[in-house]
Structures are given as C-alpha cells and as structure tokens.
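Raw contents of coords09.csv, CSV, C-alpha atoms:
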chain,number,residue,atom,x,y,z
A,1,MET,CA,-10.4,53.1,39.6
A,2,ASN,CA,-7.1,51.8,38.6
A,3,GLN,CA,-8.0,48.4,40.0
A,4,LYS,CA,-11.3,48.4,38.0
A,5,LYS,CA,-9.4,49.1,34.8
A,6,VAL,CA,-6.9,46.3,35.5
A,7,ALA,CA,-9.8,43.9,36.3
A,8,ILE,CA,-11.6,44.9,33.1
A,9,ILE,CA,-8.4,44.4,31.0
A,10,LEU,CA,-7.8,41.0,32.6
A,11,VAL,CA,-11.4,39.9,31.9
A,12,VAL,CA,-11.1,41.1,28.2
A,13,VAL,CA,-7.7,39.3,27.8
A,14,THR,CA,-9.1,36.1,29.4
A,15,ILE,CA,-12.2,36.2,27.1
A,16,ALA,CA,-10.0,36.8,24.0
A,17,SER,CA,-7.7,34.0,25.0
A,18,CYS,CA,-10.6,31.6,25.5
A,19,LEU,CA,-12.1,32.6,22.1
A,20,PHE,CA,-8.7,32.2,20.4
A,21,THR,CA,-8.2,28.8,22.0
A,22,ILE,CA,-11.7,27.6,21.1
A,23,ARG,CA,-11.2,28.8,17.5
A,24,SER,CA,-7.8,27.0,17.3
A,25,ILE,CA,-9.3,23.6,18.1
A,26,PRO,CA,-9.5,21.6,14.8
A,27,LYS,CA,-12.9,20.7,13.6
A,28,ARG,CA,-13.7,17.0,13.4
A,29,THR,CA,-14.3,17.2,9.6
A,30,GLY,CA,-10.8,18.5,9.0
A,31,LEU,CA,-9.3,16.0,11.3
A,32,ASN,CA,-11.2,13.1,9.6
A,33,THR,CA,-10.1,14.3,6.2
A,34,THR,CA,-6.4,14.4,7.3
A,35,LYS,CA,-6.8,10.9,8.8
A,36,GLU,CA,-8.2,9.6,5.5
A,37,GLN,CA,-5.4,11.2,3.5
A,38,LEU,CA,-2.8,9.7,5.9
A,39,SER,CA,-4.5,6.3,5.6
A,40,GLU,CA,-4.5,6.5,1.8
A,41,VAL,CA,-0.8,7.5,1.7
A,42,LYS,CA,0.0,4.6,4.0
A,43,LYS,CA,-1.9,2.2,1.7
A,44,GLN,CA,-0.1,3.5,-1.4
A,45,ILE,CA,3.3,3.1,0.3
A,46,LYS,CA,2.3,-0.5,1.3
A,47,GLU,CA,1.3,-1.3,-2.3
A,48,LYS,CA,4.5,0.3,-3.7
A,49,ARG,CA,6.6,-1.8,-1.3
A,50,LYS,CA,4.8,-5.0,-2.4
A,51,GLU,CA,5.4,-4.0,-6.1
A,52,VAL,CA,9.1,-3.2,-5.5
A,53,LYS,CA,9.5,-6.5,-3.6
A,54,LYS,CA,7.6,-8.4,-6.4
A,55,ASN,CA,9.8,-6.8,-9.1
A,56,SER,CA,13.0,-7.3,-7.2
A,57,PRO,CA,15.4,-9.7,-9.0
A,58,LEU,CA,16.2,-11.0,-5.5
A,59,SER,CA,12.7,-12.3,-4.9
A,60,ASN,CA,12.5,-16.0,-3.9
A,61,ASP,CA,10.5,-17.1,-7.0
A,62,PHE,CA,13.0,-15.7,-9.5
A,63,ASN,CA,16.4,-17.1,-10.5
A,64,LEU,CA,18.3,-14.0,-11.7
A,65,VAL,CA,21.5,-15.8,-12.7
A,66,SER,CA,19.7,-18.5,-14.7
A,67,THR,CA,17.5,-15.9,-16.4
A,68,GLN,CA,20.4,-13.6,-17.2
A,69,ARG,CA,22.3,-16.5,-18.7
A,70,GLU,CA,19.4,-17.6,-20.9
A,71,VAL,CA,18.6,-14.0,-22.0
A,72,GLN,CA,22.3,-13.4,-22.7
A,73,ASN,CA,22.6,-16.5,-24.9
A,74,ASN,CA,19.4,-15.7,-26.8
A,75,LEU,CA,20.3,-12.1,-27.5
A,76,LYS,CA,23.9,-13.1,-28.5
A,77,HIS,CA,22.5,-15.7,-30.9
A,78,ALA,CA,20.0,-13.3,-32.4
A,79,PHE,CA,22.5,-10.5,-32.9
A,80,GLU,CA,25.0,-12.9,-34.4
A,81,VAL,CA,22.4,-14.2,-36.8
A,82,THR,CA,21.3,-10.7,-37.9
A,83,TYR,CA,24.8,-9.3,-38.2
A,84,GLY,CA,26.5,-12.0,-40.1
A,85,GLY,CA,24.3,-15.1,-40.4
A,86,LEU,CA,21.8,-13.8,-43.0
A,87,HIS,CA,23.0,-14.1,-46.6
A,88,SER,CA,19.8,-15.0,-48.4
A,89,LYS,CA,16.0,-14.7,-48.3
A,90,GLU,CA,16.0,-18.4,-47.2
A,91,ASP,CA,18.2,-17.6,-44.2
A,92,LEU,CA,15.9,-14.7,-43.3
A,93,ASN,CA,12.8,-16.9,-43.6
A,94,THR,CA,14.4,-19.6,-41.5
A,95,ASN,CA,15.4,-17.3,-38.7
A,96,MET,CA,12.6,-14.7,-38.8
A,97,ALA,CA,10.4,-16.2,-36.0
A,98,MET,CA,13.4,-16.5,-33.7
A,99,LEU,CA,14.5,-12.9,-34.3
A,100,GLU,CA,11.0,-11.5,-33.7
A,101,ARG,CA,10.6,-13.6,-30.6
A,102,THR,CA,14.0,-12.6,-29.2
A,103,LEU,CA,14.3,-9.0,-30.4
A,104,GLY,CA,10.7,-8.0,-30.9
A,105,THR,CA,9.1,-6.9,-34.2
A,106,LYS,CA,10.2,-3.3,-34.1
A,107,LEU,CA,13.9,-3.9,-33.4
A,108,THR,CA,14.0,-6.8,-35.9
A,109,LYS,CA,12.5,-4.7,-38.6
A,110,GLU,CA,14.9,-1.8,-38.0
A,111,ILE,CA,18.0,-4.1,-38.1
A,112,LEU,CA,16.8,-5.8,-41.3
A,113,GLU,CA,16.3,-2.5,-43.0
A,114,ASN,CA,19.9,-1.7,-42.3
A,115,ILE,CA,21.5,-5.0,-43.4
A,116,HIS,CA,19.7,-5.8,-46.7
A,117,ARG,CA,17.9,-4.3,-49.7
A,118,GLN,CA,15.6,-6.5,-51.7
A,119,ASP,CA,17.7,-9.7,-52.1
A,120,ASN,CA,21.1,-8.1,-51.3
A,121,PHE,CA,22.5,-8.8,-47.8
A,122,PHE,CA,25.4,-6.5,-47.0
A,123,VAL,CA,26.8,-8.1,-43.9
A,124,SER,CA,29.5,-10.7,-44.7
A,125,LYS,CA,30.4,-11.9,-41.2
A,126,ASN,CA,30.1,-11.3,-37.5
A,127,ASP,CA,33.4,-10.6,-35.8
A,128,SER,CA,32.1,-10.5,-32.3
A,129,THR,CA,29.0,-10.0,-30.2
A,130,THR,CA,29.0,-9.1,-26.5
A,131,VAL,CA,26.0,-8.9,-24.2
A,132,ALA,CA,26.3,-7.3,-20.7
A,133,PHE,CA,23.8,-6.5,-18.0
A,134,GLU,CA,23.8,-3.3,-16.0
A,135,ASN,CA,23.2,-3.9,-12.3
A,136,VAL,CA,19.6,-5.4,-12.3
A,137,THR,CA,17.3,-3.7,-9.8
A,138,ASP,CA,14.0,-4.4,-11.5
A,139,LYS,CA,13.3,-7.6,-13.3
A,140,THR,CA,10.6,-5.9,-15.4
A,141,ASP,CA,13.0,-3.3,-16.7
A,142,ALA,CA,16.6,-4.5,-16.9
A,143,ILE,CA,19.2,-2.5,-18.9
A,144,ILE,CA,21.3,-4.6,-21.3
A,145,TYR,CA,24.2,-3.5,-23.5
A,146,VAL,CA,24.8,-5.3,-26.7
A,147,THR,CA,27.9,-4.6,-28.8
A,148,THR,CA,28.3,-6.4,-32.2
A,149,ARG,CA,31.1,-6.0,-34.6
A,150,TYR,CA,30.6,-7.1,-38.2
A,151,GLU,CA,32.0,-6.7,-41.8
A,152,VAL,CA,30.1,-5.2,-44.7
A,153,ASN,CA,31.2,-5.9,-48.2
A,154,GLY,CA,28.9,-3.5,-50.1
A,155,THR,CA,26.2,-3.9,-52.7
A,156,THR,CA,28.2,-4.6,-55.9
A,157,GLU,CA,31.1,-6.9,-56.8
A,158,GLU,CA,33.5,-3.9,-57.2
A,159,LYS,CA,32.7,-2.8,-53.7
A,160,GLU,CA,33.2,-6.2,-52.1
A,161,GLU,CA,36.9,-5.7,-52.2
A,162,GLN,CA,36.5,-2.7,-49.9
A,163,ALA,CA,35.0,-4.4,-46.8
A,164,LYS,CA,34.4,-2.1,-43.8
A,165,THR,CA,34.1,-3.1,-40.2
A,166,TYR,CA,31.3,-1.6,-38.2
A,167,SER,CA,30.1,-1.8,-34.7
A,168,GLN,CA,26.6,-1.4,-33.4
A,169,VAL,CA,26.1,-0.6,-29.7
A,170,TYR,CA,22.6,-1.2,-28.4
A,171,THR,CA,21.1,-0.2,-25.1
A,172,LEU,CA,18.1,-2.4,-24.4
A,173,HIS,CA,15.4,-2.0,-21.8
A,174,TYR,CA,14.4,-5.6,-21.2
A,175,ASN,CA,11.7,-7.4,-19.3
A,176,LEU,CA,13.3,-10.4,-17.7
A,177,LEU,CA,10.0,-12.0,-16.8
A,178,ASN,CA,8.4,-11.9,-20.3
A,179,LYS,CA,11.8,-12.0,-22.0
A,180,ARG,CA,10.9,-9.1,-24.3
A,181,VAL,CA,12.7,-5.9,-25.4
A,182,LEU,CA,10.7,-2.9,-24.1
A,183,SER,CA,12.7,-0.2,-25.8
A,184,TYR,CA,16.1,0.3,-27.3
A,185,GLU,CA,18.7,2.9,-28.5
A,186,ASN,CA,21.6,2.2,-30.8
A,187,GLU,CA,24.7,3.8,-32.2
A,188,ARG,CA,26.6,2.7,-35.3
A,189,LEU,CA,30.4,3.1,-35.3
A,190,VAL,CA,32.7,2.7,-38.4
A,191,GLN,CA,35.9,0.9,-37.5
A,192,ASN,CA,37.6,0.8,-40.9

Show me the file's structure as structure tokens.
Amino acid sequence: MNQKKVAIILVVVTIASCLFTIRSIPKRTGLNTTKEQLSEVKKQIKEKRKEVKKNSPLSNDFNLVSTQREVQNNLKHAFEVTYGGLHSKEDLNTNMAMLERTLGTKLTKEILENIHRQDNFFVSKNDSTTVAFENVTDKTDAIIYVTTRYEVNGTTEEKEEQAKTYSQVYTLHYNLLNKRVLSYENERLVQN
C-alpha cells in the first residue's frame, strides 16, 4: 500500500509539473507583441542616433568654427548698435531690419522698450560687448552668453550730468543653422 501511495503521489506531481510547464510556455501573440515593441524601440533608437548625428556640430557638412565666428560678429554688432549706437529715430530706422534679423523680433522689441521712450534715446555709448559660446553640443540649440556694458545719461538735461553705467547679461539659446535666437534670459546690473 505504501508503494501505491508513493506511485500515486509521483503521478500527481508529474501531471502537475507538466501542466505548470505547459502553462508557462509563452503564447505566440504575447511573443509577437514583445518582438514588435522591441523592433519599434530599436527603430526609435536608430532615428534618434541619426538626429543626434545630424545636429552634432562636428558633422562633416557643418563648419562650427566659421559659423561661431560669423554669429559672434553679428551678435556683437547688433548689441553694440542697440546699446550705444541708436541716438535718433533715423538711427533706429536704419538699423531695424538688421536688429530683427540678428536678434529676432521679440528680443529687439524688448531691448528697444528699455533704451528709449518716444524720441528719447537713453544710452549714450557702449563701453564693451562680449559674446561667448558655451560648449556646443547641438547646432540647433547652442547656448551663447552676451555681456554688454553701456552708459545711460537719463531723460532730461539735468540728469545727463549723472551718467550711470549698466551691464546687461543675456543667455541666448541660438540655432546655428538658421542663425536665429530661440529664447533668451537677461539680467541688468547697475555698475555706477
């Protein structure tokens, strides 16, 4: 009897093990879904690699040094004009297209609101302007720092004797391909 019980227990354990093994085998639909998901992820990774390689400033079809030099010169000129080169409506009209092309409409408008009211231009001269690039890793979103130092005389003749020196520090997100300002932040510092 003991042997019969042991034999029955072994048969039950064997059947249970077989059922558990059969149940554990993945279904084809689940396996196919997982393969499709894996394939989609690999495709997305491949597309992202292509995009990163395309946007890399080290790609063969992009001259980073030349572009940086050109952008640096254009931005320096635009900031020197806005902070020290505009003294009349005529100066503004002469330079407006260049300013909007270089700085964008939004940044140009904000700067102009700060440096003049009606026909009064407050900035008397530009002391210095510096343009520096952060390490460029993406030519469609480079970070550029612009610091400009300028003198403001005031709005009336009495105040002209009390000139103050200010500095503006701009952090620009810049597309080196399109040569456009994407976004910016600025901070104004009083020196004098």

Checklist entry - Nearest to A:Ala132 among A:Asn175, A:Asn95, A:Thr105, A:Asn73, with distances taken over only C-alpha atoms: which residue is it? => result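 Comparing A:Asn175, A:Asn95, A:Thr105, A:Asn73 against A:Ala132, the winner is A:Asn73.
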
Next on the checklist: So the first atom is atom CA of A:His87 and the second is atom CA of A:His116; what is the distance between them in Å, to one decimal place?
Outcome noted: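 Taking atom CA of A:His87 and atom CA of A:His116, their separation equals 8.9 Å.
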
Checklist entry - Which residue out of A:Phe121, A:Val13, A:Lys179, A:Tyr166 has the minimum interatomic distance to A:Glu100 when only C-alpha atoms are used? => result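 The answer is A:Lys179, which sits nearest to A:Glu100.
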
Next on the checklist: Restricting the calculation to only C-alpha atoms: of A:Val41, A:Leu99, A:Leu176, A:Cys18, which residue gets closest to A:Thr137?
Outcome noted: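 Looking at the shortest contact to A:Thr137, the residue is A:Leu176.
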
Next on the checklist: Between atom CA of A:Met98 and atom CA of A:Glu70, what distance in Å does the model show, to one decimal?
Outcome noted: 14.2 Å

Next on the checklist: Distance cut-off 9 Å, centre (29.6, -11.3, -37.0) in file coordinates, counting all atoms listed in the file: which residues qualify? Return them as an MDAnalysis selection string.
Outcome noted: chainID A and resid 79:85 123:129 148:151

Item to check | Atomic distance atom CA of A:Thr147 - atom CA of A:Glu134, expressed in Å with one decimal | outcome: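 Interatomic distance, atom CA of A:Thr147 to atom CA of A:Glu134: 13.5 Å.
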
Item to check | Residue among A:Val169, A:Val71, A:Leu177, A:Leu92 lying closest to A:Asp138, counting only C-alpha atoms | outcome: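 The answer is A:Leu177, which sits nearest to A:Asp138.
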
Just stretch 65-76 of chain A from the block, all heavy atoms, as a compact mmCIF listing (two decimals), in the first residue's frame, could you?
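The result, stored in part_39.txt:
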# COMPACT_ATOMS: atom_id res chain seq x y z
N VAL A 65 33.50 76.34 -36.47
CA VAL A 65 34.35 77.50 -36.17
C VAL A 65 33.92 78.71 -36.98
O VAL A 65 33.76 79.81 -36.46
CB VAL A 65 35.84 77.16 -36.41
CG1 VAL A 65 36.72 78.38 -36.24
CG2 VAL A 65 36.29 76.04 -35.48
N SER A 66 33.71 78.52 -38.26
CA SER A 66 33.29 79.62 -39.14
C SER A 66 31.93 80.16 -38.74
O SER A 66 31.72 81.38 -38.69
CB SER A 66 33.26 79.13 -40.59
OG SER A 66 32.70 80.10 -41.42
N THR A 67 31.00 79.27 -38.44
CA THR A 67 29.65 79.69 -38.04
C THR A 67 29.69 80.44 -36.71
O THR A 67 29.03 81.46 -36.56
CB THR A 67 28.72 78.46 -37.95
OG1 THR A 67 28.71 77.79 -39.21
CG2 THR A 67 27.31 78.87 -37.58
N GLN A 68 30.46 79.94 -35.76
CA GLN A 68 30.58 80.63 -34.48
C GLN A 68 31.15 82.04 -34.66
O GLN A 68 30.67 82.99 -34.06
CB GLN A 68 31.47 79.85 -33.51
CG GLN A 68 30.78 78.70 -32.83
CD GLN A 68 31.69 77.99 -31.85
OE1 GLN A 68 32.86 77.73 -32.14
NE2 GLN A 68 31.15 77.66 -30.70
N ARG A 69 32.17 82.15 -35.50
CA ARG A 69 32.78 83.46 -35.74
C ARG A 69 31.78 84.42 -36.36
O ARG A 69 31.65 85.57 -35.94
CB ARG A 69 34.00 83.30 -36.66
CG ARG A 69 34.85 84.54 -36.76
CD ARG A 69 36.10 84.35 -37.61
NE ARG A 69 36.86 83.16 -37.26
CZ ARG A 69 37.07 82.13 -38.11
NH1 ARG A 69 36.60 82.16 -39.33
NH2 ARG A 69 37.78 81.09 -37.73
N GLU A 70 31.02 83.94 -37.34
CA GLU A 70 30.02 84.78 -38.01
C GLU A 70 28.91 85.21 -37.03
O GLU A 70 28.56 86.39 -36.96
CB GLU A 70 29.40 84.02 -39.19
CG GLU A 70 28.35 84.81 -39.91
CD GLU A 70 27.65 83.98 -40.98
OE1 GLU A 70 28.11 82.86 -41.31
OE2 GLU A 70 26.62 84.45 -41.50
N VAL A 71 28.40 84.25 -36.27
CA VAL A 71 27.34 84.55 -35.30
C VAL A 71 27.87 85.50 -34.23
O VAL A 71 27.19 86.46 -33.84
CB VAL A 71 26.79 83.25 -34.67
CG1 VAL A 71 25.91 83.53 -33.47
CG2 VAL A 71 26.01 82.46 -35.72
N GLN A 72 29.07 85.27 -33.76
CA GLN A 72 29.67 86.13 -32.74
C GLN A 72 29.79 87.56 -33.26
O GLN A 72 29.43 88.51 -32.56
CB GLN A 72 31.04 85.58 -32.35
CG GLN A 72 31.70 86.31 -31.21
CD GLN A 72 32.98 85.63 -30.77
OE1 GLN A 72 33.62 84.92 -31.55
NE2 GLN A 72 33.36 85.84 -29.54
N ASN A 73 30.28 87.74 -34.48
CA ASN A 73 30.41 89.09 -35.05
C ASN A 73 29.05 89.76 -35.22
O ASN A 73 28.89 90.94 -34.91
CB ASN A 73 31.14 89.03 -36.40
CG ASN A 73 32.61 88.69 -36.24
OD1 ASN A 73 33.19 88.89 -35.18
ND2 ASN A 73 33.21 88.15 -37.29
N ASN A 74 28.07 88.99 -35.72
CA ASN A 74 26.72 89.56 -35.93
C ASN A 74 26.07 89.98 -34.61
O ASN A 74 25.48 91.06 -34.52
CB ASN A 74 25.82 88.58 -36.67
CG ASN A 74 26.23 88.37 -38.10
OD1 ASN A 74 26.99 89.15 -38.67
ND2 ASN A 74 25.75 87.30 -38.70
N LEU A 75 26.16 89.11 -33.61
CA LEU A 75 25.57 89.44 -32.31
C LEU A 75 26.28 90.62 -31.65
O LEU A 75 25.64 91.51 -31.10
CB LEU A 75 25.59 88.23 -31.38
CG LEU A 75 24.61 87.11 -31.70
CD1 LEU A 75 24.87 85.89 -30.82
CD2 LEU A 75 23.17 87.57 -31.55
N LYS A 76 27.60 90.63 -31.73
CA LYS A 76 28.35 91.73 -31.13
C LYS A 76 27.95 93.05 -31.78
O LYS A 76 27.68 94.03 -31.09
CB LYS A 76 29.86 91.50 -31.27
CG LYS A 76 30.68 92.57 -30.60
CD LYS A 76 32.15 92.24 -30.60
CE LYS A 76 32.88 93.35 -29.84
NZ LYS A 76 34.27 93.08 -29.67
